[in-house]
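Below you'll find the structure, written out as structure tokens, and then a few comments.
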Amino acid sequence: MSTTYTLGHEDSEVRRLLLQGRVYYSDTRHALLMAGLKPGMRVLDIGSGPGDVSFLAAELVGPGGQVHGVDAADIVHLARSRAADRGLTNVSFTQSALDELVLDEPVDAVVGRLILMHLPDPVAALRQLAGLVRPGGVVAFCENDIAAVRSYPEIPVFRQVTDAVARSFESLSLDISFGPKLGALFQAAGLGVPRMALGAPLGGADDIDLLRYAAEIWRLVYPRAAQLGLTEGLPDPDEMLPALQREVAAARATIMMPPQITAWAQVR
Ligand SMILES: C[S@@+](CC[C@H](N)C(=O)[O-])C[C@H]1O[C@@H](n2cnc3c(N)ncnc32)[C@H](O)[C@@H]1O
């Protein structure tokens, strides 16, 4: 099985992915609607993780449509049990690496969130995935721009932790400005100039999911940041949420987590 996913699926990563599902729900929903997901469609969700994008797509395609999530890791078990808890009968999941994926018939849309950035050759992957979509169907991918994270006004602890997260991701060969490159990647894959949308979760001291999400990213990255000598003077993972709540409240600040960029194109 070939996967180059470097963030693992320890409890902290699963917790982060579940929070991510909540924090990016509206932006992802809006983008997938704009991309043309409609009732009755058959949709493939690549790198489905715990299933949030599949669940959202299932809402948009309705009971007459179908969504199939695919992930290389055994996190598909969690996705299946979450689908069962929600009583969703139009969603299924398969554990498979992208390059081993075989379909019986073409789908109406292939979607994915935060998956292309983890692949060694995203252009080849886009080409392969477009080949699974019927002519006139849609390819839509959401990726983020970690380099654009900021707070208004500037909060030193948030800035320093964000910089340490960015450097830790880069040390794992992850591109922290992958989202803005989607336009060029789609064109290199022969999909033409895609349509695009951007959305970013913003909030203040009482947006507990947003602050928790920031703290969970720090928890995930902390061991790597410590190895790189980037944690000195910064809160440890358990102190991060209270520190953020305190500083954001004191400054009456707004923090912006990574903007998510979605690109989509019709398959000719
Ligand atoms: C950052 S997570 C995103 C999960 C989900 N799309 C979401 O937005 O919540 C990326 C997922 O892609 C999966 N993945 C990475 N490389 C893959 C590959 N080559 N084939 C299939 N899945 C892969 C990982 O196992 C991981 O669950």
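Just so we're on the same page: first chain in the structure tokens is A, next is B, and so on; residues restart at 1 for each chain, and ligands are numbered from 1 in the order they show up.
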### Message
Which residues are near A:Val70? Cut-off 12 Å, only C-alpha atoms, ignore same chain within fewer than 6 positions. Put them as a VMD selection string.
### Response
chain A and resid 43 to 51 53 to 54 76 to 77 79 to 80 91 to 103 110 to 113 115
### Task
Write out as a ChimeraX atom specification all residues of stretch 66-182 of chain A that DSSP puts in helix (DSSP H, G or I) for this structure's backbone.
/A:76-85,98-100,116-118,122-130,146-148,156-171,179-182
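Interatomic distance, atom CA of A:Val133 against atom CA of A:Trp264: 12.8 Å.
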### Query
Which neighbours of A:Ala124 fall inside 10 Å, counting only C-alpha atoms, when residues of the same chain fewer than 6 positions from it are skipped, and could you give them as a ChimeraX atom specification?
/A:99,130,185,188-189
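Using only C-alpha atoms, the contacts of A:Arg195 at a cut-off of 9 Å, with sequence neighbours closer than 3 positions omitted, comprise Ala35, Gly183, Thr262, Ala263, Trp264 and Ala265 of chain A.
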For the residues selected in the previous step, produce a file with C-alpha atoms as an mmCIF file, in the first residue's frame.
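Ended up saving to part-v4.cif:
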data_model
loop_
_atom_site.group_PDB
_atom_site.id
_atom_site.type_symbol
_atom_site.label_atom_id
_atom_site.label_comp_id
_atom_site.auth_asym_id
_atom_site.auth_seq_id
_atom_site.Cartn_x
_atom_site.Cartn_y
_atom_site.Cartn_z
ATOM 1 C CA ALA A 35 -18.362 23.128 -7.668
ATOM 2 C CA GLY A 183 -4.743 26.501 -10.232
ATOM 3 C CA THR A 262 -11.018 24.932 -3.468
ATOM 4 C CA ALA A 263 -10.419 24.481 -7.190
ATOM 5 C CA TRP A 264 -12.822 22.667 -9.488
ATOM 6 C CA ALA A 265 -13.104 21.869 -13.164
#
#### Entry: A:Gly204 environment, 12 Å, only C-alpha atoms, sequence neighbours closer than 2 positions dropped, as a ChimeraX atom specification
/A:151-153,201-202,206-212,244-257
Produce a file of the selected residues containing N, CA and C atoms, as a PDB file, in the first residue's frame.
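Result saved to again_11.pdb:
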ATOM      1  N   SER A 151      -3.373  36.740  13.200  1.00  0.00           N
ATOM      2  CA  SER A 151      -4.359  37.256  14.153  1.00  0.00           C
ATOM      3  C   SER A 151      -4.388  38.773  14.029  1.00  0.00           C
ATOM      4  N   TYR A 152      -5.531  39.333  14.413  1.00  0.00           N
ATOM      5  CA  TYR A 152      -5.702  40.782  14.390  1.00  0.00           C
ATOM      6  C   TYR A 152      -6.182  41.182  15.767  1.00  0.00           C
ATOM      7  N   PRO A 153      -5.458  41.925  16.606  1.00  0.00           N
ATOM      8  CA  PRO A 153      -4.076  42.340  16.351  1.00  0.00           C
ATOM      9  C   PRO A 153      -3.141  41.139  16.510  1.00  0.00           C
ATOM     10  N   PRO A 201     -11.763  30.061   8.363  1.00  0.00           N
ATOM     11  CA  PRO A 201     -12.446  30.172   9.644  1.00  0.00           C
ATOM     12  C   PRO A 201     -11.791  31.254  10.508  1.00  0.00           C
ATOM     13  N   LEU A 202     -12.629  32.159  10.985  1.00  0.00           N
ATOM     14  CA  LEU A 202     -12.169  33.278  11.809  1.00  0.00           C
ATOM     15  C   LEU A 202     -12.948  33.274  13.114  1.00  0.00           C
ATOM     16  N   ASP A 206     -14.311  33.347  22.307  1.00  0.00           N
ATOM     17  CA  ASP A 206     -15.367  32.407  22.672  1.00  0.00           C
ATOM     18  C   ASP A 206     -15.627  31.356  21.587  1.00  0.00           C
ATOM     19  N   ASP A 207     -14.810  31.358  20.534  1.00  0.00           N
ATOM     20  CA  ASP A 207     -14.962  30.330  19.508  1.00  0.00           C
ATOM     21  C   ASP A 207     -14.090  29.138  19.908  1.00  0.00           C
ATOM     22  N   ILE A 208     -14.646  28.320  20.795  1.00  0.00           N
ATOM     23  CA  ILE A 208     -13.841  27.297  21.451  1.00  0.00           C
ATOM     24  C   ILE A 208     -13.330  26.242  20.466  1.00  0.00           C
ATOM     25  N   ASP A 209     -14.134  25.888  19.455  1.00  0.00           N
ATOM     26  CA  ASP A 209     -13.657  24.893  18.481  1.00  0.00           C
ATOM     27  C   ASP A 209     -12.441  25.411  17.710  1.00  0.00           C
ATOM     28  N   LEU A 210     -12.505  26.689  17.368  1.00  0.00           N
ATOM     29  CA  LEU A 210     -11.405  27.277  16.589  1.00  0.00           C
ATOM     30  C   LEU A 210     -10.109  27.283  17.413  1.00  0.00           C
ATOM     31  N   LEU A 211     -10.223  27.710  18.694  1.00  0.00           N
ATOM     32  CA  LEU A 211      -9.030  27.762  19.552  1.00  0.00           C
ATOM     33  C   LEU A 211      -8.527  26.354  19.839  1.00  0.00           C
ATOM     34  N   ARG A 212      -9.454  25.433  20.055  1.00  0.00           N
ATOM     35  CA  ARG A 212      -9.056  24.031  20.291  1.00  0.00           C
ATOM     36  C   ARG A 212      -8.352  23.455  19.076  1.00  0.00           C
ATOM     37  N   LEU A 244      -4.060  30.563  24.773  1.00  0.00           N
ATOM     38  CA  LEU A 244      -4.731  31.234  23.645  1.00  0.00           C
ATOM     39  C   LEU A 244      -5.992  31.953  24.116  1.00  0.00           C
ATOM     40  N   GLN A 245      -6.785  31.245  24.955  1.00  0.00           N
ATOM     41  CA  GLN A 245      -8.027  31.875  25.439  1.00  0.00           C
ATOM     42  C   GLN A 245      -7.716  33.184  26.153  1.00  0.00           C
ATOM     43  N   ARG A 246      -6.695  33.124  27.026  1.00  0.00           N
ATOM     44  CA  ARG A 246      -6.302  34.300  27.805  1.00  0.00           C
ATOM     45  C   ARG A 246      -5.850  35.445  26.891  1.00  0.00           C
ATOM     46  N   GLU A 247      -4.919  35.138  25.978  1.00  0.00           N
ATOM     47  CA  GLU A 247      -4.315  36.199  25.146  1.00  0.00           C
ATOM     48  C   GLU A 247      -5.327  36.768  24.141  1.00  0.00           C
ATOM     49  N   VAL A 248      -6.112  35.874  23.557  1.00  0.00           N
ATOM     50  CA  VAL A 248      -7.085  36.341  22.557  1.00  0.00           C
ATOM     51  C   VAL A 248      -8.148  37.203  23.233  1.00  0.00           C
ATOM     52  N   ALA A 249      -8.583  36.779  24.443  1.00  0.00           N
ATOM     53  CA  ALA A 249      -9.588  37.570  25.162  1.00  0.00           C
ATOM     54  C   ALA A 249      -9.008  38.927  25.558  1.00  0.00           C
ATOM     55  N   ALA A 250      -7.770  38.922  26.090  1.00  0.00           N
ATOM     56  CA  ALA A 250      -7.171  40.182  26.574  1.00  0.00           C
ATOM     57  C   ALA A 250      -7.007  41.179  25.430  1.00  0.00           C
ATOM     58  N   ALA A 251      -6.665  40.686  24.241  1.00  0.00           N
ATOM     59  CA  ALA A 251      -6.435  41.596  23.100  1.00  0.00           C
ATOM     60  C   ALA A 251      -7.714  41.831  22.291  1.00  0.00           C
ATOM     61  N   ARG A 252      -8.826  41.188  22.719  1.00  0.00           N
ATOM     62  CA  ARG A 252     -10.068  41.220  21.925  1.00  0.00           C
ATOM     63  C   ARG A 252      -9.756  40.881  20.464  1.00  0.00           C
ATOM     64  N   ALA A 253      -8.933  39.869  20.318  1.00  0.00           N
ATOM     65  CA  ALA A 253      -8.391  39.561  18.991  1.00  0.00           C
ATOM     66  C   ALA A 253      -9.305  38.641  18.192  1.00  0.00           C
ATOM     67  N   THR A 254      -9.068  38.644  16.891  1.00  0.00           N
ATOM     68  CA  THR A 254      -9.663  37.679  15.968  1.00  0.00           C
ATOM     69  C   THR A 254      -8.524  36.850  15.403  1.00  0.00           C
ATOM     70  N   ILE A 255      -8.666  35.530  15.453  1.00  0.00           N
ATOM     71  CA  ILE A 255      -7.625  34.729  14.808  1.00  0.00           C
ATOM     72  C   ILE A 255      -8.189  34.096  13.540  1.00  0.00           C
ATOM     73  N   MET A 256      -7.306  33.963  12.569  1.00  0.00           N
ATOM     74  CA  MET A 256      -7.703  33.337  11.308  1.00  0.00           C
ATOM     75  C   MET A 256      -6.852  32.095  11.102  1.00  0.00           C
ATOM     76  N   MET A 257      -7.515  30.950  11.038  1.00  0.00           N
ATOM     77  CA  MET A 257      -6.808  29.696  10.780  1.00  0.00           C
ATOM     78  C   MET A 257      -6.587  29.565   9.267  1.00  0.00           C
TER      79      MET A 257
END
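For the set A:Ala109, A:Leu17, A:Cys142, A:Ala226, the residue with the smallest atom-to-atom gap to A:Leu129 is A:Ala109, counting only C-alpha atoms.
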### Task
Excluding stretch 168-182 of chain A and residues on its chain fewer than 2 positions from it, collect all residues at most 6 Å away from it, counting only C-alpha atoms, and give them as a VMD selection string.
chain A and resid 143 to 147 165 to 166 184 to 185 225 261
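Using only C-alpha atoms for every distance, the candidate list A:Val61, A:Ile217, A:Ile75, A:Leu228 yields A:Ile217 as the residue closest to A:Phe158.
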### Message
Going by DSSP on the backbone, which residues of stretch 25-261 of chain A come out as strand (DSSP E)? List them as an MDAnalysis selection string.
### Response
chainID A and resid 42:46 66:71 91:95 107:113 133:144 150:152 195:199 202:203 254:256 260:261
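Among A:Leu114, A:Ala73, A:Ala148, A:Thr89, the residue with the shortest atom-to-atom distance to A:Gly21, counting only C-alpha atoms, is A:Leu114.
Here atom CA of A:Pro106 and atom CA of A:Ser81 stand 26.4 Å from one another.
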